[in-house]
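File shown here: data.pdb, holding PDB, C-alpha atoms.
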MODEL        1
ATOM      1  CA  LEU A   1       1.420  -5.659  -3.507
ATOM      2  CA  ASP A   2       2.025  -6.972  -6.983
ATOM      3  CA  THR A   3      -1.470  -6.711  -8.462
ATOM      4  CA  THR A   4      -4.026  -3.950  -8.796
ATOM      5  CA  ASP A   5      -6.558  -6.150  -6.958
ATOM      6  CA  ARG A   6      -4.238  -6.523  -3.949
ATOM      7  CA  VAL A   7      -3.463  -2.804  -3.914
ATOM      8  CA  PHE A   8      -7.139  -1.881  -3.827
ATOM      9  CA  GLY A   9      -7.900  -4.699  -1.381
ATOM     10  CA  VAL A  10      -5.478  -3.084   1.078
ATOM     11  CA  ILE A  11      -6.702   0.438   0.306
ATOM     12  CA  ASN A  12     -10.352  -0.527   0.786
ATOM     13  CA  ARG A  13      -9.643  -2.336   4.052
ATOM     14  CA  PHE A  14      -7.382   0.305   5.640
ATOM     15  CA  ARG A  15      -8.446   3.683   4.143
ATOM     16  CA  ASP A  16     -10.482   4.540   7.264
ATOM     17  CA  GLN A  17      -7.721   3.546   9.685
ATOM     18  CA  PRO A  18      -5.271   6.441  10.049
ATOM     19  CA  GLY A  19      -3.351   4.404  12.647
ATOM     20  CA  THR A  20      -2.214   2.007   9.925
ATOM     21  CA  ARG A  21       0.886   3.672   8.472
ATOM     22  CA  PHE A  22       3.170   2.568   5.662
ATOM     23  CA  LYS A  23       6.833   3.612   5.412
ATOM     24  CA  GLY A  24       9.105   3.344   2.386
ATOM     25  CA  VAL A  25       6.267   3.188  -0.154
ATOM     26  CA  ARG A  26       6.860   3.046  -3.902
ATOM     27  CA  ILE A  27       3.778   3.267  -6.147
ATOM     28  CA  GLU A  28       4.018   2.205  -9.795
ATOM     29  CA  ILE A  29       1.219   2.963 -12.233
ATOM     30  CA  GLY A  30       1.156   1.662 -15.800
ATOM     31  CA  GLU A  31       3.339  -0.848 -17.601
ATOM     32  CA  GLY A  32       6.752  -1.033 -19.234
ATOM     33  CA  GLU A  33       8.099   2.169 -20.744
ATOM     34  CA  ASN A  34       4.959   4.060 -19.678
ATOM     35  CA  THR A  35       5.267   3.354 -15.959
ATOM     36  CA  VAL A  36       5.033   6.290 -13.557
ATOM     37  CA  THR A  37       6.717   5.837 -10.173
ATOM     38  CA  VAL A  38       6.130   7.803  -6.969
ATOM     39  CA  ARG A  39       8.342   7.197  -3.906
ATOM     40  CA  PHE A  40       7.660   8.354  -0.388
ATOM     41  CA  GLN A  41      11.066   7.307   1.029
ATOM     42  CA  GLU A  42      10.960   7.882   4.822
ATOM     43  CA  ARG A  43       7.578   9.648   4.898
ATOM     44  CA  GLU A  44       4.851   7.594   6.547
ATOM     45  CA  VAL A  45       1.613   7.463   4.563
ATOM     46  CA  THR A  46      -1.869   6.075   5.144
ATOM     47  CA  ALA A  47      -3.961   3.939   2.798
ATOM     48  CA  ALA A  48      -6.149   7.006   2.133
ATOM     49  CA  MET A  49      -3.071   8.972   1.010
ATOM     50  CA  ILE A  50      -2.004   6.116  -1.277
ATOM     51  CA  GLU A  51      -5.515   5.978  -2.724
ATOM     52  CA  GLY A  52      -5.414   9.715  -3.436
ATOM     53  CA  VAL A  53      -2.088   9.440  -5.271
ATOM     54  CA  VAL A  54      -3.233   6.439  -7.325
ATOM     55  CA  ASN A  55      -6.564   8.008  -8.290
ATOM     56  CA  SER A  56      -4.986  11.381  -9.107
ATOM     57  CA  LEU A  57      -2.292   9.891 -11.313
ATOM     58  CA  ARG A  58      -4.750   7.670 -13.146
ATOM     59  CA  GLU A  59      -6.908  10.742 -13.787
ATOM     60  CA  VAL A  60      -4.012  12.972 -14.902
ATOM     61  CA  LEU A  61      -2.681  10.224 -17.191
ATOM     62  CA  ASN A  62      -6.188   9.646 -18.541
ATOM     63  CA  GLU A  63      -5.783   5.926 -17.766
ATOM     64  CA  PRO A  64      -8.542   5.056 -15.271
ATOM     65  CA  GLU A  65      -7.775   1.317 -15.517
ATOM     66  CA  ALA A  66      -3.963   1.542 -15.410
ATOM     67  CA  LEU A  67      -2.243  -1.299 -13.572
ATOM     68  CA  VAL A  68      -0.983  -0.472 -10.077
ATOM     69  CA  ASN A  69       1.573  -2.141  -7.848
ATOM     70  CA  ILE A  70       3.097  -1.016  -4.593
ATOM     71  CA  ALA A  71       6.289  -1.920  -2.773
ATOM     72  CA  ILE A  72       6.625  -1.215   0.944
ATOM     73  CA  THR A  73      10.315  -1.376   1.781
ATOM     74  CA  GLU A  74      10.590  -0.136   5.350
ATOM     75  CA  ALA A  75       7.691  -0.972   7.647
ATOM     76  CA  ILE A  76       3.964  -1.049   8.282
ATOM     77  CA  GLN A  77       2.433  -0.041  11.603
ATOM     78  CA  PHE A  78      -0.936  -1.504  12.620
ATOM     79  CA  ASP A  79      -3.194  -0.666  15.554
ATOM     80  CA  THR A  80      -3.932  -4.339  16.235
ATOM     81  CA  GLY A  81      -2.584  -7.793  15.537
ATOM     82  CA  PHE A  82      -5.880  -8.593  13.823
ATOM     83  CA  ALA A  83      -5.251  -5.790  11.302
ATOM     84  CA  LEU A  84      -1.807  -7.252  10.601
ATOM     85  CA  LYS A  85      -3.339 -10.671   9.950
ATOM     86  CA  GLU A  86      -5.907  -9.142   7.596
ATOM     87  CA  PHE A  87      -3.177  -7.287   5.691
ATOM     88  CA  ALA A  88      -1.143 -10.470   5.323
ATOM     89  CA  LYS A  89      -4.183 -12.323   3.978
ATOM     90  CA  ILE A  90      -5.061  -9.592   1.447
ATOM     91  CA  ALA A  91      -1.444  -9.115   0.368
ATOM     92  CA  GLY A  92      -0.709 -12.835   0.121
ATOM     93  CA  VAL A  93       2.135 -12.579   2.631
ATOM     94  CA  GLU A  94       3.123 -15.430   4.920
ATOM     95  CA  LEU A  95       4.185 -14.153   8.341
ATOM     96  CA  LYS A  96       7.160 -15.900   9.914
ATOM     97  CA  PRO A  97       8.707 -15.624  13.371
ATOM     98  CA  GLY A  98      10.813 -12.482  13.519
ATOM     99  CA  ASP A  99       8.751 -10.621  10.881
ATOM    100  CA  VAL A 100       6.729  -8.768  13.516
ATOM    101  CA  SER A 101       7.823  -6.517  16.357
ATOM    102  CA  GLN A 102       5.360  -5.330  18.963
ATOM    103  CA  GLU A 103       5.581  -2.044  20.822
ATOM    104  CA  GLU A 104       3.508  -1.019  23.795
TER     105      GLU A 104
ENDMDL
END
Please rewrite the model in this file as structure tokens.
Amino acid sequence: LDTTDRVFGVINRFRDQPGTRFKGVRIEIGEGENTVTVRFQEREVTAAMIEGVVNSLREVLNEPEALVNIAITEAIQFDTGFALKEFAKIAGVELKPGDVSQEE
């Protein structure tokens, strides 16, 4: 999620869906030499948790409009295929065969 608009688009869409979980999340706030990075490694997080980290860091840094981008390096779990399609649309990701695995 390479823009602040995309980050908050995903947060706003999925904050009330605890079944949507992100793994391998890296949050970057700010620009250049002043960037702050938070990594969650293997810990699964929700959009609400990401929102809390972003808002808290912006507040602590006294930069309420700081740029935000997020990398998700491991996986994302959705409750439905529709939610996956919505994420792809918001994030600007093109889904290809083999990108998705479905568990029952």
Report task. Spell out the residues picked by the PyMOL selection byres ((chain A and resi 19) around 10) here, as a VMD selection string. Result -> chain A and resid 14 to 18 20 to 22 45 to 47 77 to 80
Report task. Let me know the residues the PyMOL selection byres ((chain A and resi 54-61) around 12) catches in the file above, as an MDAnalysis selection string. Result -> chainID A and resid 4 7:8 11 26:30 34:38 47:53 62:70
Query raised in the report: Could you state the separation of CA of Asp2 (chain A) and CA of Gln102 (chain A) in Å, given to one decimal place?
Result: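 We find that CA of Asp2 (chain A) and CA of Gln102 (chain A) lie 26.2 Å from each other.
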Starting from 6 Å padding per side, set up an axis-aligned box that covers all listed atoms of region 76-83 of chain A and hand over centre and edge lengths in Å, one decimal, as lines of an AutoDock Vina configuration file.
center_x = -1.0
center_y = -4.3
center_z = 12.3
size_x = 21.8
size_y = 20.6
size_z = 20.0
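You will find CA of Gln41 (chain A) at 7.1 Å from CA of Lys23 (chain A).
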Report task. Please measure the separation of CA of Ala83 (chain A) and CA of Glu42 (chain A), giving the value in Å to one decimal. Result -> 22.2 Å
Query raised in the report: Smallest atom-to-atom distance to Glu31 (chain A): which of A:Phe82, A:Ile76, A:Gly92, A:Thr3, using only C-alpha atoms?
Result: A:Thr3
